[in-house]
$ cat target-v5.cif   # mmCIF, C-alpha atoms
data_final
#
loop_
_atom_site.group_PDB
_atom_site.id
_atom_site.type_symbol
_atom_site.label_atom_id
_atom_site.label_comp_id
_atom_site.auth_asym_id
_atom_site.auth_seq_id
_atom_site.Cartn_x
_atom_site.Cartn_y
_atom_site.Cartn_z
ATOM 1 C CA MET B 263 -5.048 35.413 -16.508
ATOM 2 C CA LYS B 264 -4.455 32.154 -18.356
ATOM 3 C CA ARG B 265 -1.026 31.609 -19.804
ATOM 4 C CA TYR B 266 -0.964 30.862 -23.515
ATOM 5 C CA PHE B 267 2.698 31.502 -24.222
ATOM 6 C CA LEU B 268 3.492 27.800 -24.089
ATOM 7 C CA LEU B 269 0.913 27.003 -26.749
ATOM 8 C CA ALA B 270 2.149 29.875 -28.883
ATOM 9 C CA VAL B 271 5.684 28.484 -28.806
ATOM 10 C CA VAL B 272 4.428 25.012 -29.653
ATOM 11 C CA ILE B 273 2.205 26.179 -32.507
ATOM 12 C CA THR B 274 4.901 28.322 -34.118
ATOM 13 C CA SER B 275 7.558 25.645 -33.756
ATOM 14 C CA PHE B 276 5.646 22.633 -35.034
ATOM 15 C CA SER B 277 3.241 21.919 -37.846
ATOM 16 C CA PRO B 278 -0.302 21.861 -36.444
ATOM 17 C CA THR B 279 -1.108 18.663 -38.324
ATOM 18 C CA ILE B 280 -3.827 16.756 -36.504
ATOM 19 C CA ILE B 281 -3.639 13.003 -36.809
ATOM 20 C CA SER B 282 -7.052 11.833 -38.020
ATOM 21 C CA ALA B 283 -7.032 8.202 -36.956
ATOM 22 C CA GLN B 284 -6.809 7.916 -33.170
ATOM 23 C CA GLU B 285 -7.149 4.170 -32.812
ATOM 24 C CA GLY B 286 -3.814 2.891 -31.611
ATOM 25 C CA HIS B 287 -2.261 6.351 -31.232
ATOM 26 C CA PRO B 288 1.077 6.033 -29.381
ATOM 27 C CA LEU B 289 -0.086 8.401 -26.641
ATOM 28 C CA GLU B 290 -3.058 6.228 -25.739
ATOM 29 C CA GLY B 291 -2.865 4.218 -22.554
ATOM 30 C CA ARG B 292 -2.351 4.680 -18.842
ATOM 31 C CA TRP B 293 0.832 6.316 -17.639
ATOM 32 C CA ASN B 294 2.459 6.611 -14.225
ATOM 33 C CA LEU B 295 4.019 10.058 -13.926
ATOM 34 C CA THR B 296 6.807 11.158 -11.595
ATOM 35 C CA ILE B 297 6.876 14.935 -11.149
ATOM 36 C CA ASP B 298 10.148 16.437 -9.909
ATOM 37 C CA GLN B 299 8.703 19.214 -7.753
ATOM 38 C CA GLU B 300 10.621 21.171 -5.119
ATOM 39 C CA GLY B 301 13.047 18.320 -4.493
ATOM 40 C CA GLU B 302 10.308 15.690 -4.180
ATOM 41 C CA LYS B 303 9.378 12.912 -6.581
ATOM 42 C CA LEU B 304 5.584 13.145 -6.695
ATOM 43 C CA PRO B 305 3.660 10.137 -8.086
ATOM 44 C CA SER B 306 0.783 11.018 -10.429
ATOM 45 C CA TRP B 307 -1.326 9.234 -13.034
ATOM 46 C CA LEU B 308 -2.463 9.983 -16.580
ATOM 47 C CA GLU B 309 -4.907 8.194 -18.851
ATOM 48 C CA ILE B 310 -5.208 9.088 -22.558
ATOM 49 C CA ARG B 311 -7.821 7.563 -24.857
ATOM 50 C CA HIS B 312 -9.535 8.451 -28.114
ATOM 51 C CA SER B 313 -13.004 9.936 -28.532
ATOM 52 C CA GLY B 314 -14.344 9.530 -32.065
ATOM 53 C CA ASN B 315 -11.861 9.836 -34.894
ATOM 54 C CA ASN B 316 -10.002 13.058 -34.213
ATOM 55 C CA THR B 317 -9.870 13.736 -30.491
ATOM 56 C CA LEU B 318 -7.841 12.490 -27.560
ATOM 57 C CA ILE B 319 -9.311 12.883 -24.071
ATOM 58 C CA GLY B 320 -8.286 11.531 -20.689
ATOM 59 C CA ARG B 321 -8.062 11.710 -16.922
ATOM 60 C CA PHE B 322 -5.354 12.924 -14.592
ATOM 61 C CA THR B 323 -4.593 12.385 -10.905
ATOM 62 C CA TYR B 324 -2.099 14.718 -9.243
ATOM 63 C CA ALA B 325 -0.131 13.840 -6.107
ATOM 64 C CA PHE B 326 -3.270 14.571 -4.076
ATOM 65 C CA GLY B 327 -6.975 14.866 -4.833
ATOM 66 C CA SER B 328 -9.077 12.727 -7.140
ATOM 67 C CA ALA B 329 -8.929 11.798 -10.824
ATOM 68 C CA ARG B 330 -10.269 14.657 -12.929
ATOM 69 C CA PRO B 331 -11.265 14.715 -16.612
ATOM 70 C CA ILE B 332 -9.140 16.110 -19.428
ATOM 71 C CA ALA B 333 -11.426 17.684 -22.044
ATOM 72 C CA GLU B 334 -8.844 17.334 -24.809
ATOM 73 C CA VAL B 335 -5.239 16.286 -25.231
ATOM 74 C CA LYS B 336 -4.044 18.492 -28.083
ATOM 75 C CA LYS B 337 -1.335 17.334 -30.489
ATOM 76 C CA TYR B 338 1.166 19.581 -32.278
ATOM 77 C CA GLY B 339 3.662 17.554 -34.268
ATOM 78 C CA ASP B 340 5.601 15.453 -31.765
ATOM 79 C CA LEU B 341 4.280 17.375 -28.781
ATOM 80 C CA PHE B 342 1.044 17.123 -26.842
ATOM 81 C CA TYR B 343 -0.586 19.554 -24.418
ATOM 82 C CA PHE B 344 -3.418 19.564 -21.894
ATOM 83 C CA SER B 345 -4.518 21.699 -18.976
ATOM 84 C CA ILE B 346 -6.305 20.870 -15.721
ATOM 85 C CA PRO B 347 -8.309 23.331 -13.579
ATOM 86 C CA PRO B 348 -7.170 23.480 -9.943
ATOM 87 C CA GLN B 349 -8.861 21.129 -7.508
ATOM 88 C CA TRP B 350 -7.171 21.304 -4.089
ATOM 89 C CA GLU B 351 -4.054 23.055 -5.372
ATOM 90 C CA PRO B 352 -3.432 26.634 -4.211
ATOM 91 C CA GLY B 353 -4.244 29.446 -6.626
ATOM 92 C CA ALA B 354 -6.731 29.815 -9.443
ATOM 93 C CA SER B 355 -4.583 29.106 -12.532
ATOM 94 C CA ASP B 356 -4.752 25.846 -14.454
ATOM 95 C CA MET B 357 -1.976 23.301 -14.336
ATOM 96 C CA GLU B 358 -0.541 23.061 -17.846
ATOM 97 C CA PHE B 359 1.255 20.005 -19.190
ATOM 98 C CA GLN B 360 3.445 19.713 -22.261
ATOM 99 C CA GLY B 361 5.038 16.405 -23.244
ATOM 100 C CA LYS B 362 6.227 14.057 -25.942
ATOM 101 C CA ARG B 363 6.817 10.374 -26.483
ATOM 102 C CA VAL B 364 10.409 9.385 -25.711
ATOM 103 C CA GLY B 365 11.209 5.730 -26.308
ATOM 104 C CA ALA B 366 8.711 3.620 -24.399
ATOM 105 C CA GLY B 367 7.740 6.484 -22.082
ATOM 106 C CA LEU B 368 6.772 10.116 -21.941
ATOM 107 C CA GLU B 369 8.507 13.204 -20.634
ATOM 108 C CA GLY B 370 7.718 16.890 -20.405
ATOM 109 C CA THR B 371 7.061 19.884 -18.198
ATOM 110 C CA MET B 372 4.271 21.054 -15.920
ATOM 111 C CA ILE B 373 3.383 24.652 -15.107
ATOM 112 C CA TYR B 374 1.903 24.504 -11.615
ATOM 113 C CA THR B 375 -0.876 26.734 -10.308
ATOM 114 C CA ASP B 376 1.732 29.096 -8.827
ATOM 115 C CA GLY B 377 3.377 29.621 -12.241
ATOM 116 C CA LYS B 378 6.492 27.553 -11.529
ATOM 117 C CA THR B 379 7.655 24.995 -14.096
ATOM 118 C CA TYR B 380 8.681 21.450 -13.191
ATOM 119 C CA ASN B 381 9.897 18.445 -15.171
ATOM 120 C CA TRP B 382 8.145 15.091 -15.255
ATOM 121 C CA THR B 383 8.666 11.641 -16.754
ATOM 122 C CA ALA B 384 6.228 8.772 -17.233
ATOM 123 C CA VAL B 385 6.254 5.033 -17.817
ATOM 124 C CA ALA B 386 3.407 2.854 -19.016
ATOM 125 C CA ALA B 387 1.295 1.522 -16.158
ATOM 126 C CA PRO B 388 2.012 -2.200 -15.775
ATOM 127 C CA LYS B 389 -0.498 -4.956 -16.367
ATOM 128 C CA LEU B 390 -1.281 -6.664 -13.070
ATOM 129 C CA ASN B 391 -2.491 -10.198 -13.621
ATOM 130 C CA THR B 392 -5.376 -11.548 -11.578
ATOM 131 C CA ILE B 393 -5.083 -15.069 -10.167
ATOM 132 C CA ALA B 394 -8.158 -17.094 -11.140
ATOM 133 C CA ASN B 395 -8.209 -19.363 -8.074
ATOM 134 C CA PRO B 396 -5.855 -17.848 -5.517
ATOM 135 C CA LYS B 397 -4.689 -19.782 -2.486
ATOM 136 C CA PHE B 398 -4.700 -17.675 0.640
ATOM 137 C CA GLY B 399 -2.232 -18.073 3.446
ATOM 138 C CA LYS B 400 -2.565 -17.511 7.167
ATOM 139 C CA THR B 401 -4.465 -14.496 8.473
ATOM 140 C CA GLN B 402 -2.295 -12.112 10.447
ATOM 141 C CA LYS B 403 -3.127 -9.192 12.679
ATOM 142 C CA LEU B 404 -1.788 -5.881 11.423
ATOM 143 C CA PHE B 405 -2.853 -4.248 14.695
ATOM 144 C CA ASN B 406 -2.039 -6.227 17.853
ATOM 145 C CA GLY B 407 -4.395 -4.297 20.154
ATOM 146 C CA LYS B 408 -1.528 -3.185 22.399
ATOM 147 C CA ASN B 409 0.874 -0.835 20.621
ATOM 148 C CA LEU B 410 2.145 0.401 17.255
ATOM 149 C CA ASP B 411 4.511 -2.484 16.631
ATOM 150 C CA GLY B 412 4.640 -3.222 12.900
ATOM 151 C CA TRP B 413 3.800 0.364 11.920
ATOM 152 C CA LYS B 414 5.788 3.468 11.087
ATOM 153 C CA THR B 415 5.177 7.160 10.514
ATOM 154 C CA ASP B 416 7.043 9.959 8.775
ATOM 155 C CA GLY B 417 7.105 12.893 11.162
ATOM 156 C CA SER B 418 5.469 13.738 14.465
ATOM 157 C CA ASN B 419 3.087 10.927 15.423
ATOM 158 C CA GLN B 420 -0.451 11.529 16.710
ATOM 159 C CA TRP B 421 -1.456 7.832 16.579
ATOM 160 C CA GLU B 422 -1.913 5.991 19.884
ATOM 161 C CA VAL B 423 -3.513 2.887 21.362
ATOM 162 C CA VAL B 424 -6.174 3.574 24.003
ATOM 163 C CA ASP B 425 -7.994 0.680 25.696
ATOM 164 C CA GLY B 426 -7.122 -1.632 22.825
ATOM 165 C CA ILE B 427 -8.256 0.806 20.127
ATOM 166 C CA LEU B 428 -5.918 2.254 17.505
ATOM 167 C CA THR B 429 -6.815 5.926 17.347
ATOM 168 C CA SER B 430 -5.873 9.131 15.614
ATOM 169 C CA PRO B 431 -7.583 11.746 17.815
ATOM 170 C CA LYS B 432 -6.761 14.658 15.540
ATOM 171 C CA PRO B 433 -5.470 15.322 12.018
ATOM 172 C CA GLY B 434 -1.782 14.567 11.712
ATOM 173 C CA ILE B 435 0.211 12.130 9.618
ATOM 174 C CA ASN B 436 -0.477 8.794 7.971
ATOM 175 C CA LEU B 437 0.277 5.417 9.542
ATOM 176 C CA ILE B 438 2.116 2.900 7.332
ATOM 177 C CA SER B 439 2.570 -0.843 7.851
ATOM 178 C CA GLN B 440 6.178 -1.949 7.858
ATOM 179 C CA GLU B 441 5.338 -5.119 5.945
ATOM 180 C CA LYS B 442 4.411 -4.947 2.263
ATOM 181 C CA PHE B 443 1.855 -7.038 0.412
ATOM 182 C CA THR B 444 0.823 -7.948 -3.130
ATOM 183 C CA ASP B 445 -2.555 -9.739 -3.289
ATOM 184 C CA PHE B 446 -4.649 -10.196 -0.158
ATOM 185 C CA LYS B 447 -7.903 -10.029 1.762
ATOM 186 C CA LEU B 448 -8.146 -7.211 4.306
ATOM 187 C CA HIS B 449 -10.616 -7.005 7.189
ATOM 188 C CA ALA B 450 -11.027 -3.677 8.988
ATOM 189 C CA GLU B 451 -13.310 -2.571 11.830
ATOM 190 C CA PHE B 452 -13.415 1.186 12.319
ATOM 191 C CA ARG B 453 -15.449 4.177 13.461
ATOM 192 C CA TYR B 454 -15.235 7.937 13.173
ATOM 193 C CA PRO B 455 -16.885 10.996 14.720
ATOM 194 C CA LYS B 456 -19.390 13.214 12.946
ATOM 195 C CA GLY B 457 -17.976 14.955 9.889
ATOM 196 C CA SER B 458 -14.687 13.035 9.862
ATOM 197 C CA ASN B 459 -12.767 11.698 6.881
ATOM 198 C CA SER B 460 -10.046 9.054 6.541
ATOM 199 C CA GLY B 461 -9.074 6.209 4.238
ATOM 200 C CA LEU B 462 -7.271 2.918 3.771
ATOM 201 C CA TYR B 463 -4.548 2.781 1.105
ATOM 202 C CA LEU B 464 -3.996 -0.654 -0.421
ATOM 203 C CA ARG B 465 -0.349 -1.287 -1.352
ATOM 204 C CA GLY B 466 0.021 2.366 -0.378
ATOM 205 C CA ARG B 467 -1.480 3.367 -3.755
ATOM 206 C CA TYR B 468 -5.256 2.888 -3.867
ATOM 207 C CA GLU B 469 -7.394 4.708 -1.310
ATOM 208 C CA ILE B 470 -10.660 3.216 -0.058
ATOM 209 C CA GLN B 471 -12.610 6.146 1.325
ATOM 210 C CA ILE B 472 -13.729 6.215 4.964
ATOM 211 C CA ALA B 473 -15.981 9.186 5.673
ATOM 212 C CA ASP B 474 -19.167 10.384 7.359
ATOM 213 C CA ASN B 475 -21.452 10.174 4.296
ATOM 214 C CA LYS B 476 -24.552 8.387 5.581
ATOM 215 C CA GLY B 477 -27.626 9.109 3.477
ATOM 216 C CA LEU B 478 -25.784 10.564 0.481
ATOM 217 C CA GLU B 479 -25.908 9.165 -3.042
ATOM 218 C CA PRO B 480 -23.010 6.753 -3.740
ATOM 219 C CA SER B 481 -19.894 8.423 -5.075
ATOM 220 C CA SER B 482 -16.293 7.464 -5.731
ATOM 221 C CA ILE B 483 -15.242 10.144 -3.219
ATOM 222 C CA TYR B 484 -17.680 8.985 -0.510
ATOM 223 C CA PHE B 485 -17.799 6.026 1.853
ATOM 224 C CA GLY B 486 -16.620 2.793 0.228
ATOM 225 C CA GLY B 487 -15.384 4.356 -2.998
ATOM 226 C CA VAL B 488 -11.986 3.800 -4.570
ATOM 227 C CA TYR B 489 -11.236 7.487 -4.360
ATOM 228 C CA GLY B 490 -12.104 9.262 -7.583
ATOM 229 C CA LEU B 491 -12.121 6.051 -9.649
ATOM 230 C CA LEU B 492 -14.750 3.477 -8.597
ATOM 231 C CA THR B 493 -18.236 4.227 -7.250
ATOM 232 C CA PRO B 494 -20.056 1.789 -4.915
ATOM 233 C CA ASN B 495 -23.429 0.457 -6.024
ATOM 234 C CA THR B 496 -24.943 1.665 -2.742
ATOM 235 C CA ASN B 497 -23.889 3.791 0.214
ATOM 236 C CA MET B 498 -23.604 1.532 3.258
ATOM 237 C CA ALA B 499 -22.251 4.132 5.673
ATOM 238 C CA LYS B 500 -23.646 3.970 9.210
ATOM 239 C CA GLU B 501 -24.089 6.792 11.676
ATOM 240 C CA PRO B 502 -20.887 8.388 12.975
ATOM 241 C CA GLY B 503 -19.734 6.758 16.183
ATOM 242 C CA GLU B 504 -20.912 3.282 15.131
ATOM 243 C CA TRP B 505 -18.475 0.474 14.426
ATOM 244 C CA GLN B 506 -18.317 -0.435 10.742
ATOM 245 C CA THR B 507 -16.524 -3.053 8.644
ATOM 246 C CA TYR B 508 -14.729 -3.380 5.335
ATOM 247 C CA ASP B 509 -13.791 -6.735 3.821
ATOM 248 C CA ILE B 510 -11.619 -6.049 0.806
ATOM 249 C CA THR B 511 -10.121 -8.486 -1.699
ATOM 250 C CA LEU B 512 -7.386 -7.153 -3.989
ATOM 251 C CA LEU B 513 -6.009 -9.398 -6.752
ATOM 252 C CA GLY B 514 -3.825 -7.555 -9.241
ATOM 253 C CA ARG B 515 -5.994 -4.558 -10.147
ATOM 254 C CA ASN B 516 -9.212 -6.437 -9.408
ATOM 255 C CA ILE B 517 -11.010 -5.354 -6.242
ATOM 256 C CA THR B 518 -14.103 -6.431 -4.331
ATOM 257 C CA ILE B 519 -15.330 -4.416 -1.345
ATOM 258 C CA VAL B 520 -17.890 -5.626 1.183
ATOM 259 C CA ALA B 521 -19.021 -2.794 3.469
ATOM 260 C CA ASN B 522 -21.024 -3.600 6.589
ATOM 261 C CA GLY B 523 -21.938 -6.979 5.145
ATOM 262 C CA LYS B 524 -22.976 -5.901 1.631
ATOM 263 C CA THR B 525 -20.920 -6.131 -1.567
ATOM 264 C CA ILE B 526 -20.674 -2.571 -2.889
ATOM 265 C CA ILE B 527 -17.927 -3.048 -5.478
ATOM 266 C CA SER B 528 -17.618 -6.437 -7.166
ATOM 267 C CA GLU B 529 -14.539 -7.505 -9.128
ATOM 268 C CA GLN B 530 -13.839 -4.108 -10.653
ATOM 269 C CA ASN B 531 -10.448 -3.040 -11.981
ATOM 270 C CA ILE B 532 -8.588 -0.128 -10.407
ATOM 271 C CA LEU B 533 -7.084 1.552 -13.462
ATOM 272 C CA GLY B 534 -4.612 3.802 -11.671
ATOM 273 C CA MET B 535 -3.317 5.222 -8.442
ATOM 274 C CA THR B 536 -5.418 7.543 -6.328
ATOM 275 C CA GLY B 537 -4.210 10.859 -4.944
ATOM 276 C CA GLY B 538 -1.874 10.560 -1.979
ATOM 277 C CA ALA B 539 -0.149 7.390 -3.204
ATOM 278 C CA LEU B 540 3.225 6.659 -1.651
ATOM 279 C CA ASP B 541 4.780 5.736 -5.007
ATOM 280 C CA ASN B 542 3.881 4.716 -8.558
ATOM 281 C CA ASP B 543 5.694 1.374 -8.737
ATOM 282 C CA GLU B 544 2.437 -0.531 -9.166
ATOM 283 C CA ALA B 545 4.059 -3.875 -9.936
ATOM 284 C CA ALA B 546 5.807 -3.950 -6.552
ATOM 285 C CA PRO B 547 4.337 -5.016 -3.211
ATOM 286 C CA GLY B 548 3.230 -2.149 -0.999
ATOM 287 C CA PRO B 549 2.113 -1.442 2.568
ATOM 288 C CA ILE B 550 -1.273 -0.783 4.097
ATOM 289 C CA MET B 551 -1.529 2.915 4.907
ATOM 290 C CA ILE B 552 -4.151 4.573 7.103
ATOM 291 C CA GLN B 553 -4.891 8.185 6.264
ATOM 292 C CA GLY B 554 -4.354 10.360 9.306
ATOM 293 C CA ASP B 555 -4.053 13.861 7.838
ATOM 294 C CA HIS B 556 -7.785 14.553 7.430
ATOM 295 C CA GLY B 557 -9.862 13.692 10.496
ATOM 296 C CA PRO B 558 -10.074 11.504 13.612
ATOM 297 C CA VAL B 559 -10.580 7.762 13.138
ATOM 298 C CA GLU B 560 -10.383 4.610 15.264
ATOM 299 C CA PHE B 561 -9.707 0.945 14.462
ATOM 300 C CA ARG B 562 -10.337 -2.034 16.700
ATOM 301 C CA SER B 563 -9.319 -4.676 14.157
ATOM 302 C CA LEU B 564 -7.049 -4.816 11.096
ATOM 303 C CA GLU B 565 -6.343 -8.278 9.717
ATOM 304 C CA ILE B 566 -4.788 -9.313 6.422
ATOM 305 C CA THR B 567 -4.736 -12.662 4.639
ATOM 306 C CA PRO B 568 -2.096 -12.652 1.885
ATOM 307 C CA VAL B 569 -2.261 -14.797 -1.223
ATOM 308 C CA LEU B 570 0.449 -17.441 -1.212
ATOM 309 C CA ASP B 571 3.331 -16.938 -3.625
ATOM 310 C CA ARG B 572 2.284 -17.245 -7.242
#

$ encode --input "target-v5.cif" --output "structure tokens"
Amino acid sequence: MKRYFLLAVVITSFSPTIISAQEGHPLEGRWNLTIDQEGEKLPSWLEIRHSGNNTLIGRFTYAFGSARPIAEVKKYGDLFYFSIPPQWEPGASDMEFQGKRVGAGLEGTMIYTDGKTYNWTAVAAPKLNTIANPKFGKTQKLFNGKNLDGWKTDGSNQWEVVDGILTSPKPGINLISQEKFTDFKLHAEFRYPKGSNSGLYLRGRYEIQIADNKGLEPSSIYFGGVYGLLTPNTNMAKEPGEWQTYDITLLGRNITIVANGKTIISEQNILGMTGGALDNDEAAPGPIMIQGDHGPVEFRSLEITPVLDR
């Protein structure tokens, strides 16, 4: 049964005056949330924008899963409220969020799908400038073809190098580069078995989907998509077991993806973090992370060409 007690408290405590002019409302924008949940600081993302004159809508990305729509962000005096149906979370109850503007940020509480309440805070997502004519440095190998030097894991490691191939033979944990990067070109050569699913996280925050999706209509959650946010113009996935390539250029928020020789996303802006991000400090350099908790995947080449210092 849905829980309405929170709304009842809000409605009885504050005047239900609805602000009629939404243009420039202080809640509008993109926000990087940190949810304090069971001793962990979980990075999440919230977008709020106006629809017509009297309604605020948005999108929300939890610590895992994809961005999902918010039908309405309701305002009650200084407070706002929205709910999100469960996606991959356990249970059938909605997640319910209450918050308010505090200084330059937001703060509030979340009722999770298990009924527990957690606190969260948010800061405005930073603007990430795009260099018009970047100068690239020397290309370096992230994977040396011999061992896992330059990489780290958190927990029991299933990754190994077999005959010069970096492989995750079974679902386990993610593999994270020790070096961090800002703007760069990334070249990857990979393959996966039938039905498998993996991904490449840029700066540890933006997942490029790797999955067995040959023949399906393009989608942000299928092969080549920026997970839940950007949809490729065509699905270039090959048959499982075949070697495939990504050539990715990331400048600020601006991304271009060439999959198997064809440009599928061209100079589009990534508005926020995808589910599974390591952190929400978008202005900081971040690592390359290979998703290893979904399905088997192999890489025979991973090379990165960083942009020289601005």

$ resolve_selection --input "target-v5.cif" --expression "the PyMOL selection byres ((chain B and resi 509-511) around 8)" --output "list in words"
Asp445, Phe446, Lys447, Leu448, His449, Ala450, Thr507, Tyr508, Leu512, Leu513, Ile517, Thr518, Ile519, Val520 and Ala521 of chain B

$ closest_residue --input "target-v5.cif" --among "B:Leu540, B:Ile332, B:Gly514, B:Pro352" --to "Pro396 (chain B)" --atoms "only C-alpha atoms"
B:Gly514

$ resolve_selection --input "target-v5.cif" --expression "the PyMOL selection byres ((chain B and resi 538) around 9)" --output "NGL selection string"
:B and (305-306 or 324-327 or 463 or 466-469 or 535-537 or 539-541)

$ atom_distance --input "target-v5.cif" --atom1 "CA of Ser563 (chain B)" --atom2 "CA of Ala394 (chain B)"
28.2 Å

$ atom_distance --input "target-v5.cif" --atom1 "CA of Lys303 (chain B)" --atom2 "CA of Phe443 (chain B)"
22.4 Å

$ atom_distance --input "target-v5.cif" --atom1 "CA of Ala499 (chain B)" --atom2 "CA of Phe485 (chain B)"
6.2 Å

$ resolve_selection --input "target-v5.cif" --expression "the PyMOL selection byres ((chain B and resi 300) around 12)" --output "list of chain:residue names"
B:Ile297, B:Asp298, B:Gln299, B:Gly301, B:Glu302, B:Lys303, B:Leu304, B:Tyr374, B:Lys378, B:Thr379, B:Tyr380, B:Asn381

$ residues_around --input "target-v5.cif" --residues "Lys500 (chain B)" --least-positions-apart "4" --cutoff "12 Å" --atoms "all atoms listed in the file" --output "PyMOL selection string"
chain B and resi 452-456+472-478+485-486+504-507+521-523

$ residues_around --input "target-v5.cif" --residues "Arg465 (chain B)" --least-positions-apart "4" --cutoff "6 Å" --atoms "all atoms listed in the file" --output "PyMOL selection string"
chain B and resi 548-550

$ residues_around --input "target-v5.cif" --residues "Arg363 (chain B)" --least-positions-apart "3" --cutoff "8 Å" --atoms "only C-alpha atoms" --output "VMD selection string"
chain B and resid 288 to 289 340 to 341 366 to 369

$ closest_residue --input "target-v5.cif" --among "B:Phe405, B:Ser460, B:Asn436, B:Asn516" --to "Ser418 (chain B)" --atoms "all atoms listed in the file"
B:Asn436

$ closest_residue --input "target-v5.cif" --among "B:Asn542, B:Ser355, B:Gln530, B:Thr496" --to "Thr296 (chain B)" --atoms "all atoms listed in the file"
B:Asn542

$ closest_residue --input "target-v5.cif" --among "B:Arg321, B:Lys408, B:Arg311, B:His556" --to "Asn459 (chain B)" --atoms "all atoms listed in the file"
B:His556
